[in-house]
$ cat my_file.pdb   # PDB, C-alpha atoms
ATOM      1  CA  MET A 111       0.000   0.000   0.000
ATOM      2  CA  THR A 112       1.471   3.383  -1.000
ATOM      3  CA  THR A 113       1.510   6.434   1.297
ATOM      4  CA  ALA A 114      -1.215   8.126  -0.773
ATOM      5  CA  GLU A 115      -3.417   5.044  -0.506
ATOM      6  CA  LYS A 116      -2.924   4.973   3.276
ATOM      7  CA  TYR A 117      -3.961   8.634   3.613
ATOM      8  CA  VAL A 118      -7.003   8.235   1.354
ATOM      9  CA  THR A 119      -8.077   5.141   3.322
ATOM     10  CA  ALA A 120      -7.599   7.048   6.586
ATOM     11  CA  ALA A 121      -9.752   9.948   5.326
ATOM     12  CA  TYR A 122     -12.638   7.674   4.305
ATOM     13  CA  CYS A 123     -12.328   5.651   7.535
ATOM     14  CA  VAL A 124     -12.593   8.891   9.549
ATOM     15  CA  VAL A 125     -15.832   9.795   7.727
ATOM     16  CA  PHE A 126     -17.223   6.306   8.306
ATOM     17  CA  ALA A 127     -16.202   6.302  11.988
ATOM     18  CA  VAL A 128     -17.739   9.714  12.724
ATOM     19  CA  VAL A 129     -21.046   8.762  11.057
ATOM     20  CA  LEU A 130     -21.014   5.431  12.917
ATOM     21  CA  VAL A 131     -20.395   7.099  16.304
ATOM     22  CA  TYR A 132     -23.213   9.558  15.549
ATOM     23  CA  VAL A 133     -25.628   6.721  14.711
ATOM     24  CA  VAL A 134     -24.636   4.852  17.906
ATOM     25  CA  ILE A 135     -25.266   7.994  20.005
ATOM     26  CA  ILE A 136     -28.706   8.466  18.392
ATOM     27  CA  ALA A 137     -29.497   4.755  18.937
ATOM     28  CA  LEU A 138     -28.550   5.028  22.645
ATOM     29  CA  LYS A 139     -30.732   8.101  22.984
ATOM     30  CA  LEU A 140     -33.677   6.315  21.357
ATOM     31  CA  GLN A 141     -33.188   3.409  23.783
ATOM     32  CA  ARG A 142     -33.341   5.857  26.692
ATOM     33  CA  LEU A 143     -36.539   7.364  25.286
ATOM     34  CA  GLU A 144     -38.026   3.888  24.940
ATOM     35  CA  ARG A 145     -37.223   3.162  28.615
ATOM     36  CA  GLU A 146     -38.861   6.436  29.637
ATOM     37  CA  VAL A 147     -41.992   5.593  27.627
ATOM     38  CA  ASP A 148     -42.119   2.183  29.351
ATOM     39  CA  ALA A 149     -41.762   3.865  32.746
ATOM     40  CA  LEU A 150     -44.607   6.252  31.921
ATOM     41  CA  VAL A 151     -46.843   3.397  30.762
ATOM     42  CA  ALA A 152     -46.048   1.360  33.885
ATOM     43  CA  ARG A 153     -46.859   4.271  36.195
ATOM     44  CA  PRO A 154     -50.184   3.662  37.951
ATOM     45  CA  GLN A 155     -53.050   5.799  36.768
ATOM     46  CA  ALA A 156     -53.753   8.770  39.022
ATOM     47  CA  GLU A 157     -56.698   8.059  41.268
ATOM     48  CA  PRO A 158     -59.863   9.832  40.215
ATOM     49  CA  GLU A 159     -60.520  12.810  42.395
ATOM     50  CA  ARG A 160     -62.926  11.901  45.185
ATOM     51  CA  GLU A 161     -66.176  13.700  45.175
ATOM     52  CA  ARG A 162     -66.022  16.225  47.919
ATOM     53  CA  GLU A 163     -68.800  16.228  50.411
ATOM     54  CA  THR A 164     -70.751  19.412  50.419
ATOM     55  CA  VAL A 165     -70.644  21.164  53.764
ATOM     56  CA  ARG A 166     -73.019  23.801  54.861
ATOM     57  CA  VAL A 167     -71.303  26.944  55.937
ATOM     58  CA  GLY A 168     -73.002  29.249  58.305
TER      59      GLY A 168
ATOM     60  CA  MET B  16     -51.773  17.698   7.037
ATOM     61  CA  ASP B  17     -53.121  16.148  10.238
ATOM     62  CA  LEU B  18     -51.063  14.145  12.727
ATOM     63  CA  ARG B  19     -52.015  10.723  11.321
ATOM     64  CA  GLN B  20     -51.090  11.745   7.757
ATOM     65  CA  PHE B  21     -47.820  13.278   8.989
ATOM     66  CA  LEU B  22     -46.882  10.113  10.877
ATOM     67  CA  PHE B  23     -47.732   7.996   7.826
ATOM     68  CA  VAL B  24     -45.525  10.075   5.516
ATOM     69  CA  SER B  25     -42.656  10.231   8.018
ATOM     70  CA  ARG B  26     -42.815   6.453   8.573
ATOM     71  CA  LEU B  27     -42.666   5.878   4.851
ATOM     72  CA  SER B  28     -40.030   8.393   4.028
ATOM     73  CA  LEU B  29     -37.412   7.683   6.705
ATOM     74  CA  PRO B  30     -36.690   4.065   5.671
ATOM     75  CA  ALA B  31     -36.819   5.178   2.024
ATOM     76  CA  LEU B  32     -34.329   7.964   2.806
ATOM     77  CA  ALA B  33     -32.051   5.564   4.706
ATOM     78  CA  ALA B  34     -32.133   3.070   1.806
ATOM     79  CA  SER B  35     -31.411   5.872  -0.686
ATOM     80  CA  SER B  36     -28.463   7.028   1.451
ATOM     81  CA  LEU B  37     -27.029   3.508   1.549
ATOM     82  CA  VAL B  38     -27.377   3.003  -2.216
ATOM     83  CA  LEU B  39     -25.997   6.455  -3.066
ATOM     84  CA  VAL B  40     -23.028   6.283  -0.670
ATOM     85  CA  THR B  41     -22.127   2.781  -1.920
ATOM     86  CA  THR B  42     -22.380   3.940  -5.558
ATOM     87  CA  ALA B  43     -20.250   6.987  -4.771
ATOM     88  CA  LEU B  44     -17.565   4.833  -3.095
ATOM     89  CA  VAL B  45     -17.488   2.434  -6.062
ATOM     90  CA  LEU B  46     -17.094   5.391  -8.441
ATOM     91  CA  VAL B  47     -14.401   7.004  -6.253
ATOM     92  CA  PHE B  48     -12.245   3.893  -5.892
ATOM     93  CA  PHE B  49     -12.896   1.900  -9.072
ATOM     94  CA  VAL B  50     -14.082   4.234 -11.835
ATOM     95  CA  ALA B  51     -12.697   7.771 -11.432
ATOM     96  CA  PRO B  52      -9.259   8.163 -13.004
ATOM     97  CA  ASN B  53      -6.161   9.269 -11.077
ATOM     98  CA  ASP B  54      -5.572  13.018 -11.109
ATOM     99  CA  ALA B  55      -2.656  14.013 -13.365
ATOM    100  CA  ASP B  56      -1.250  16.379 -10.735
ATOM    101  CA  GLN B  57      -2.025  14.778  -7.346
ATOM    102  CA  GLY B  58      -2.423  11.139  -8.304
ATOM    103  CA  PHE B  59      -4.360   8.798  -6.016
ATOM    104  CA  SER B  60      -4.570  11.247  -3.075
ATOM    105  CA  GLN B  61      -6.966  13.456  -5.080
ATOM    106  CA  ARG B  62      -9.695  10.884  -4.330
ATOM    107  CA  ILE B  63     -10.178  12.559  -0.929
ATOM    108  CA  PHE B  64     -11.619  15.499  -2.909
ATOM    109  CA  TYR B  65     -14.894  13.717  -3.747
ATOM    110  CA  PHE B  66     -16.084  13.430  -0.146
ATOM    111  CA  HIS B  67     -14.154  16.380   1.305
ATOM    112  CA  VAL B  68     -15.775  18.936  -1.033
ATOM    113  CA  SER B  69     -19.195  17.225  -0.894
ATOM    114  CA  ILE B  70     -19.113  17.293   2.904
ATOM    115  CA  ALA B  71     -18.057  20.965   2.891
ATOM    116  CA  PHE B  72     -21.024  21.968   0.700
ATOM    117  CA  THR B  73     -23.304  19.808   2.863
ATOM    118  CA  ALA B  74     -22.086  21.620   5.996
ATOM    119  CA  TYR B  75     -22.835  24.966   4.294
ATOM    120  CA  ALA B  76     -26.307  23.639   3.349
ATOM    121  CA  CYS B  77     -26.953  22.580   6.973
ATOM    122  CA  PHE B  78     -25.957  26.009   8.297
ATOM    123  CA  GLY B  79     -28.167  27.585   5.610
ATOM    124  CA  LEU B  80     -31.109  25.380   6.639
ATOM    125  CA  GLY B  81     -30.459  26.246  10.289
ATOM    126  CA  ALA B  82     -30.579  29.957   9.463
ATOM    127  CA  TRP B  83     -33.753  29.562   7.392
ATOM    128  CA  LYS B  84     -35.512  27.698  10.205
ATOM    129  CA  ALA B  85     -34.273  30.342  12.658
ATOM    130  CA  LEU B  86     -35.850  33.019  10.461
ATOM    131  CA  VAL B  87     -39.113  31.035  10.348
ATOM    132  CA  HIS B  88     -39.026  30.811  14.140
ATOM    133  CA  LEU B  89     -38.490  34.556  14.575
ATOM    134  CA  TRP B  90     -41.165  35.308  11.994
ATOM    135  CA  LYS B  91     -43.909  32.915  13.102
ATOM    136  CA  ARG B  92     -42.816  32.170  16.702
ATOM    137  CA  ASP B  93     -42.990  28.479  15.872
ATOM    138  CA  SER B  94     -41.230  26.279  18.458
ATOM    139  CA  ARG B  95     -40.941  23.437  15.916
ATOM    140  CA  ALA B  96     -38.806  25.698  13.701
ATOM    141  CA  ASP B  97     -36.500  26.377  16.673
ATOM    142  CA  LEU B  98     -35.944  22.637  17.138
ATOM    143  CA  GLU B  99     -35.387  22.177  13.385
ATOM    144  CA  SER B 100     -32.869  25.031  13.358
ATOM    145  CA  TYR B 101     -31.001  23.472  16.303
ATOM    146  CA  VAL B 102     -30.824  20.042  14.628
ATOM    147  CA  ALA B 103     -29.668  21.569  11.312
ATOM    148  CA  VAL B 104     -26.867  23.500  13.066
ATOM    149  CA  HIS B 105     -25.907  20.306  14.919
ATOM    150  CA  GLN B 106     -25.636  18.459  11.597
ATOM    151  CA  GLY B 107     -23.621  21.360  10.186
ATOM    152  CA  VAL B 108     -21.125  21.132  13.036
ATOM    153  CA  ILE B 109     -20.754  17.353  12.594
ATOM    154  CA  PHE B 110     -20.157  17.732   8.857
ATOM    155  CA  GLY B 111     -17.920  20.750   9.553
ATOM    156  CA  SER B 112     -15.700  18.628  11.805
ATOM    157  CA  LEU B 113     -15.505  16.047   8.989
ATOM    158  CA  VAL B 114     -14.395  18.787   6.554
ATOM    159  CA  LEU B 115     -11.586  19.791   8.931
ATOM    160  CA  LEU B 116     -10.496  16.180   9.520
ATOM    161  CA  THR B 117     -10.515  15.071   5.865
ATOM    162  CA  GLY B 118      -8.997  18.413   4.812
ATOM    163  CA  SER B 119      -6.117  17.984   7.257
ATOM    164  CA  ILE B 120      -5.399  14.480   5.965
ATOM    165  CA  TRP B 121      -5.465  15.741   2.367
ATOM    166  CA  ALA B 122      -3.259  18.727   3.297
ATOM    167  CA  LYS B 123      -0.692  16.415   4.877
ATOM    168  CA  ILE B 124      -0.332  14.250   1.775
ATOM    169  CA  SER B 125      -0.532  17.157  -0.711
ATOM    170  CA  TRP B 126       1.261  20.044   1.051
ATOM    171  CA  GLY B 127       3.223  18.185   3.729
ATOM    172  CA  HIS B 128       1.402  20.002   6.580
ATOM    173  CA  TRP B 129      -1.649  19.080   8.644
ATOM    174  CA  TRP B 130      -2.688  22.734   8.837
ATOM    175  CA  LEU B 131      -1.543  26.060   7.375
ATOM    176  CA  TRP B 132      -2.507  29.233   9.241
ATOM    177  CA  SER B 133      -1.529  31.301   6.183
ATOM    178  CA  GLU B 134      -4.419  29.849   4.161
ATOM    179  CA  ASN B 135      -7.513  32.092   4.339
ATOM    180  CA  GLN B 136      -9.864  29.341   3.199
ATOM    181  CA  LEU B 137      -8.787  27.033   6.023
ATOM    182  CA  VAL B 138      -8.803  29.685   8.729
ATOM    183  CA  LEU B 139     -12.190  31.098   7.663
ATOM    184  CA  PHE B 140     -13.739  27.643   7.678
ATOM    185  CA  LEU B 141     -12.313  27.072  11.170
ATOM    186  CA  VAL B 142     -13.815  30.427  12.274
ATOM    187  CA  LEU B 143     -17.190  29.365  10.826
ATOM    188  CA  PHE B 144     -16.940  25.992  12.587
ATOM    189  CA  LEU B 145     -15.997  27.533  15.955
ATOM    190  CA  PHE B 146     -18.763  30.124  15.622
ATOM    191  CA  TYR B 147     -21.353  27.381  15.232
ATOM    192  CA  ALA B 148     -19.703  25.256  17.952
ATOM    193  CA  ALA B 149     -20.249  28.236  20.294
ATOM    194  CA  TYR B 150     -23.964  28.146  19.328
ATOM    195  CA  PHE B 151     -24.391  25.154  21.652
ATOM    196  CA  MET B 152     -22.679  26.940  24.539
ATOM    197  CA  LEU B 153     -25.090  29.837  24.119
ATOM    198  CA  ARG B 154     -28.132  27.594  23.732
ATOM    199  CA  PHE B 155     -27.425  25.462  26.790
ATOM    200  CA  SER B 156     -26.438  28.401  28.989
ATOM    201  CA  VAL B 157     -30.029  29.710  28.826
ATOM    202  CA  ASP B 158     -33.033  27.973  30.400
ATOM    203  CA  PRO B 159     -35.435  26.320  27.935
ATOM    204  CA  GLY B 160     -38.142  28.670  26.759
ATOM    205  CA  PRO B 161     -38.856  31.504  24.336
ATOM    206  CA  GLN B 162     -35.759  33.472  25.366
ATOM    207  CA  ARG B 163     -33.451  30.570  24.530
ATOM    208  CA  ALA B 164     -35.211  29.973  21.216
ATOM    209  CA  ASN B 165     -34.977  33.651  20.232
ATOM    210  CA  LEU B 166     -31.300  34.014  21.191
ATOM    211  CA  SER B 167     -30.379  30.804  19.336
ATOM    212  CA  ALA B 168     -32.306  31.925  16.243
ATOM    213  CA  VAL B 169     -30.574  35.326  16.112
ATOM    214  CA  TYR B 170     -27.165  33.647  16.575
ATOM    215  CA  ALA B 171     -27.849  31.093  13.808
ATOM    216  CA  LEU B 172     -28.917  33.914  11.477
ATOM    217  CA  PHE B 173     -25.728  35.912  12.146
ATOM    218  CA  GLY B 174     -23.550  32.862  11.555
ATOM    219  CA  VAL B 175     -24.870  32.182   8.080
ATOM    220  CA  VAL B 176     -23.207  35.434   6.906
ATOM    221  CA  LEU B 177     -19.871  33.652   7.353
ATOM    222  CA  VAL B 178     -20.813  30.977   4.786
ATOM    223  CA  PRO B 179     -20.419  33.160   1.638
ATOM    224  CA  VAL B 180     -17.340  34.804   3.211
ATOM    225  CA  SER B 181     -15.770  31.371   3.723
ATOM    226  CA  PHE B 182     -16.723  30.296   0.181
ATOM    227  CA  LEU B 183     -15.515  33.489  -1.536
ATOM    228  CA  ALA B 184     -12.326  33.982   0.512
ATOM    229  CA  ILE B 185     -10.260  31.700  -1.680
ATOM    230  CA  ARG B 186     -11.550  33.407  -4.840
ATOM    231  CA  LEU B 187     -10.580  36.852  -3.534
ATOM    232  CA  ALA B 188      -7.152  35.809  -2.194
ATOM    233  CA  GLN B 189      -4.050  36.628  -4.235
ATOM    234  CA  HIS B 190      -1.792  33.883  -2.930
ATOM    235  CA  PHE B 191      -3.098  30.449  -2.105
ATOM    236  CA  ILE B 192      -2.311  26.792  -2.428
ATOM    237  CA  HIS B 193      -5.829  25.508  -1.699
ATOM    238  CA  PRO B 194      -7.168  24.420  -5.118
ATOM    239  CA  ILE B 195     -10.193  26.097  -6.738
ATOM    240  CA  VAL B 196     -12.310  23.617  -8.643
ATOM    241  CA  PHE B 197     -15.449  25.715  -9.138
ATOM    242  CA  THR B 198     -14.671  28.803 -11.201
ATOM    243  CA  ARG B 199     -16.907  31.367 -12.912
ATOM    244  CA  ASN B 200     -16.667  29.223 -16.052
ATOM    245  CA  GLY B 201     -17.960  26.137 -14.258
ATOM    246  CA  PRO B 202     -16.152  23.170 -12.686
ATOM    247  CA  ALA B 203     -12.476  22.745 -13.621
ATOM    248  CA  PHE B 204     -12.994  19.070 -14.487
ATOM    249  CA  GLY B 205     -15.288  16.870 -16.519
ATOM    250  CA  GLY B 206     -16.028  13.267 -17.497
ATOM    251  CA  TRP B 207     -15.902  10.637 -14.771
ATOM    252  CA  ILE B 208     -14.363  13.040 -12.254
ATOM    253  CA  LEU B 209     -17.385  15.360 -12.547
ATOM    254  CA  ALA B 210     -19.854  12.433 -12.540
ATOM    255  CA  THR B 211     -18.202  10.913  -9.443
ATOM    256  CA  TYR B 212     -18.225  14.268  -7.677
ATOM    257  CA  LEU B 213     -21.922  14.846  -8.471
ATOM    258  CA  VAL B 214     -22.930  11.387  -7.200
ATOM    259  CA  SER B 215     -20.823  11.937  -4.036
ATOM    260  CA  GLN B 216     -22.451  15.333  -3.501
ATOM    261  CA  VAL B 217     -25.984  13.939  -3.840
ATOM    262  CA  ALA B 218     -25.055  10.981  -1.585
ATOM    263  CA  THR B 219     -23.682  13.270   1.134
ATOM    264  CA  LEU B 220     -26.717  15.574   0.983
ATOM    265  CA  VAL B 221     -29.169  12.662   1.206
ATOM    266  CA  LEU B 222     -27.161  11.114   4.072
ATOM    267  CA  ALA B 223     -27.167  14.442   5.941
ATOM    268  CA  TYR B 224     -30.912  14.847   5.397
ATOM    269  CA  THR B 225     -31.542  11.293   6.644
ATOM    270  CA  LEU B 226     -29.493  11.915   9.801
ATOM    271  CA  TYR B 227     -31.296  15.261  10.238
ATOM    272  CA  ARG B 228     -34.687  13.538  10.064
ATOM    273  CA  VAL B 229     -33.636  10.787  12.486
ATOM    274  CA  GLU B 230     -32.251  13.249  15.023
ATOM    275  CA  LEU B 231     -35.281  15.517  14.649
ATOM    276  CA  SER B 232     -37.648  12.588  15.311
ATOM    277  CA  GLY B 233     -35.704  11.768  18.483
ATOM    278  CA  LYS B 234     -35.773  15.376  19.682
ATOM    279  CA  ARG B 235     -39.518  15.713  19.002
ATOM    280  CA  LEU B 236     -40.160  12.498  20.891
ATOM    281  CA  ASP B 237     -38.065  13.831  23.777
ATOM    282  CA  VAL B 238     -40.126  17.050  23.882
ATOM    283  CA  ARG B 239     -43.431  15.123  23.771
ATOM    284  CA  LEU B 240     -42.247  12.832  26.570
ATOM    285  CA  ARG B 241     -41.267  15.794  28.739
ATOM    286  CA  GLU B 242     -44.712  17.321  28.212
ATOM    287  CA  LEU B 243     -46.380  14.008  29.063
ATOM    288  CA  ARG B 244     -44.285  13.633  32.212
ATOM    289  CA  GLU B 245     -45.216  17.149  33.319
ATOM    290  CA  ALA B 246     -48.887  16.421  32.609
ATOM    291  CA  HIS B 247     -48.725  13.244  34.713
ATOM    292  CA  ALA B 248     -46.821  14.872  37.573
TER     293      ALA B 248
END
$ encode --input "my_file.pdb" --output "structure tokens"
Amino acid sequence: MTTAEKYVTAAYCVVFAVVLVYVVIIALKLQRLEREVDALVARPQAEPERERETVRVG
Amino acid sequence: MDLRQFLFVSRLSLPALAASSLVLVTTALVLVFFVAPNDADQGFSQRIFYFHVSIAFTAYACFGLGAWKALVHLWKRDSRADLESYVAVHQGVIFGSLVLLTGSIWAKISWGHWWLWSENQLVLFLVLFLFYAAYFMLRFSVDPGPQRANLSAVYALFGVVLVPVSFLAIRLAQHFIHPIVFTRNGPAFGGWILATYLVSQVATLVLAYTLYRVELSGKRLDVRLRELREAHA
């Protein structure tokens, strides 16, 4: 492999690596969002507000 | 377009965009390494040009899109446009870092230096890159809300002025070693070199747009989740 070929390969590998790292970061973020959605779904529904008893005042 | 239609189109178009990116980038790589002839002056190392220049124009396009969305935000006070502007600038910075990295590698093999401070084109691109890198410092130093969106939009609009300056600097300079391939009379090459460059340019633009759409979907989902969490709290 000549020096020029090594440099050209390095340049294209850098592009590939940066795009790959970016995709991995986005994938990790989407996984986190998925976990948060699951946590929201698993959260128990808020209890319906109890009807307040009417109280006579005065 | 209502929400259901929007979701339908976005579901259809993202996989189609991703497939197009894959096909185009593969085609571009085949053309770069197996079809395009060696440059008479620089030989094999000139093959860095196809992605280096394509990525540079893509970075400019991302900054331009970021500025356009910033203008839409300031005009219509649309929070979606603020998010779109942020994602476009983010893409621009990623592609900008790739321009600097591939450019340095090409400079080393062609000029014998990783970087030359005497070259206006290089320094102006670095200034543009650092300006947009500082965008994130500004954005995340302000609490989320209209003030942050407005400040970010004004900053993104100011930054786009540097794009034509960066592009024209080399054409106005008297002494330079950075090559000019796009002159007033058109590109300084033809045949397979031009065809390979055009395919690489389209491939890079489609790839950038795909990544933009993916990141934007994630950010929108994040915003919706935050709103849901606040509603449930």
$ resolve_selection --input "my_file.pdb" --expression "the PyMOL selection byres ((chain B and resi 168-179) around 8)" --output "VMD selection string"
chain B and resid 75 78 to 79 81 to 83 85 to 86 88 to 89 97 100 104 143 146 to 147 150 164 to 167 180 to 183
$ closest_residue --input "my_file.pdb" --among "A:Leu140, A:Val125, A:Ala152, A:Leu130" --to "Thr219 (chain B)" --atoms "all atoms listed in the file"
A:Val125
$ residues_around --input "my_file.pdb" --residues "Tyr122 (chain A)" --least-positions-apart "2" --cutoff "12 Å" --atoms "only C-alpha atoms" --output "ChimeraX atom specification"
/A:115-120,124-129 /B:40,43-44,47-48,60,62-67,70,113-114,116-118,120-121
$ atom_distance --input "my_file.pdb" --atom1 "CA of Pro202 (chain B)" --atom2 "CA of Ser36 (chain B)"
24.7 Å
$ atom_distance --input "my_file.pdb" --atom1 "CA of Leu80 (chain B)" --atom2 "CA of Gly233 (chain B)"
18.6 Å
$ axis_aligned_box --input "my_file.pdb" --around "region 232-238 of chain B" --padding-each-side "8 Å" --output "JSON"
{"center_x": -37.9, "center_y": 14.4, "center_z": 19.6, "size_x": 20.5, "size_y": 21.3, "size_z": 24.6}
$ closest_residue --input "my_file.pdb" --among "B:Val87, B:Ala51, B:Leu222, B:Met152" --to "Ala210 (chain B)" --atoms "all atoms listed in the file"
B:Ala51
$ atom_distance --input "my_file.pdb" --atom1 "CA of Arg239 (chain B)" --atom2 "CA of Ala31 (chain B)"
24.8 Å
$ closest_residue --input "my_file.pdb" --among "B:Tyr101, B:Phe155, B:Phe49, B:Phe110" --to "chain A" --atoms "only C-alpha atoms"
B:Phe110
$ closest_residue --input "my_file.pdb" --among "A:Val131, A:Ile136, A:Cys123, A:Leu150" --to "Glu230 (chain B)" --atoms "all atoms listed in the file"
A:Ile136
$ closest_residue --input "my_file.pdb" --among "A:Ala121, A:Met111, A:Ala149, A:Val134" --to "chain B" --atoms "only C-alpha atoms"
A:Ala121
$ decode --input "my_file.pdb" --residues "region 139-184 of chain B" --atoms "C-alpha atoms" --output "compact mmCIF listing (two decimals), in the first residue's frame"
# COMPACT_ATOMS: atom_id res chain seq x y z
CA LEU B 139 -12.19 31.10 7.66
CA PHE B 140 -13.74 27.64 7.68
CA LEU B 141 -12.31 27.07 11.17
CA VAL B 142 -13.82 30.43 12.27
CA LEU B 143 -17.19 29.37 10.83
CA PHE B 144 -16.94 25.99 12.59
CA LEU B 145 -16.00 27.53 15.95
CA PHE B 146 -18.76 30.12 15.62
CA TYR B 147 -21.35 27.38 15.23
CA ALA B 148 -19.70 25.26 17.95
CA ALA B 149 -20.25 28.24 20.29
CA TYR B 150 -23.96 28.15 19.33
CA PHE B 151 -24.39 25.15 21.65
CA MET B 152 -22.68 26.94 24.54
CA LEU B 153 -25.09 29.84 24.12
CA ARG B 154 -28.13 27.59 23.73
CA PHE B 155 -27.42 25.46 26.79
CA SER B 156 -26.44 28.40 28.99
CA VAL B 157 -30.03 29.71 28.83
CA ASP B 158 -33.03 27.97 30.40
CA PRO B 159 -35.44 26.32 27.93
CA GLY B 160 -38.14 28.67 26.76
CA PRO B 161 -38.86 31.50 24.34
CA GLN B 162 -35.76 33.47 25.37
CA ARG B 163 -33.45 30.57 24.53
CA ALA B 164 -35.21 29.97 21.22
CA ASN B 165 -34.98 33.65 20.23
CA LEU B 166 -31.30 34.01 21.19
CA SER B 167 -30.38 30.80 19.34
CA ALA B 168 -32.31 31.93 16.24
CA VAL B 169 -30.57 35.33 16.11
CA TYR B 170 -27.16 33.65 16.58
CA ALA B 171 -27.85 31.09 13.81
CA LEU B 172 -28.92 33.91 11.48
CA PHE B 173 -25.73 35.91 12.15
CA GLY B 174 -23.55 32.86 11.55
CA VAL B 175 -24.87 32.18 8.08
CA VAL B 176 -23.21 35.43 6.91
CA LEU B 177 -19.87 33.65 7.35
CA VAL B 178 -20.81 30.98 4.79
CA PRO B 179 -20.42 33.16 1.64
CA VAL B 180 -17.34 34.80 3.21
CA SER B 181 -15.77 31.37 3.72
CA PHE B 182 -16.72 30.30 0.18
CA LEU B 183 -15.51 33.49 -1.54
CA ALA B 184 -12.33 33.98 0.51
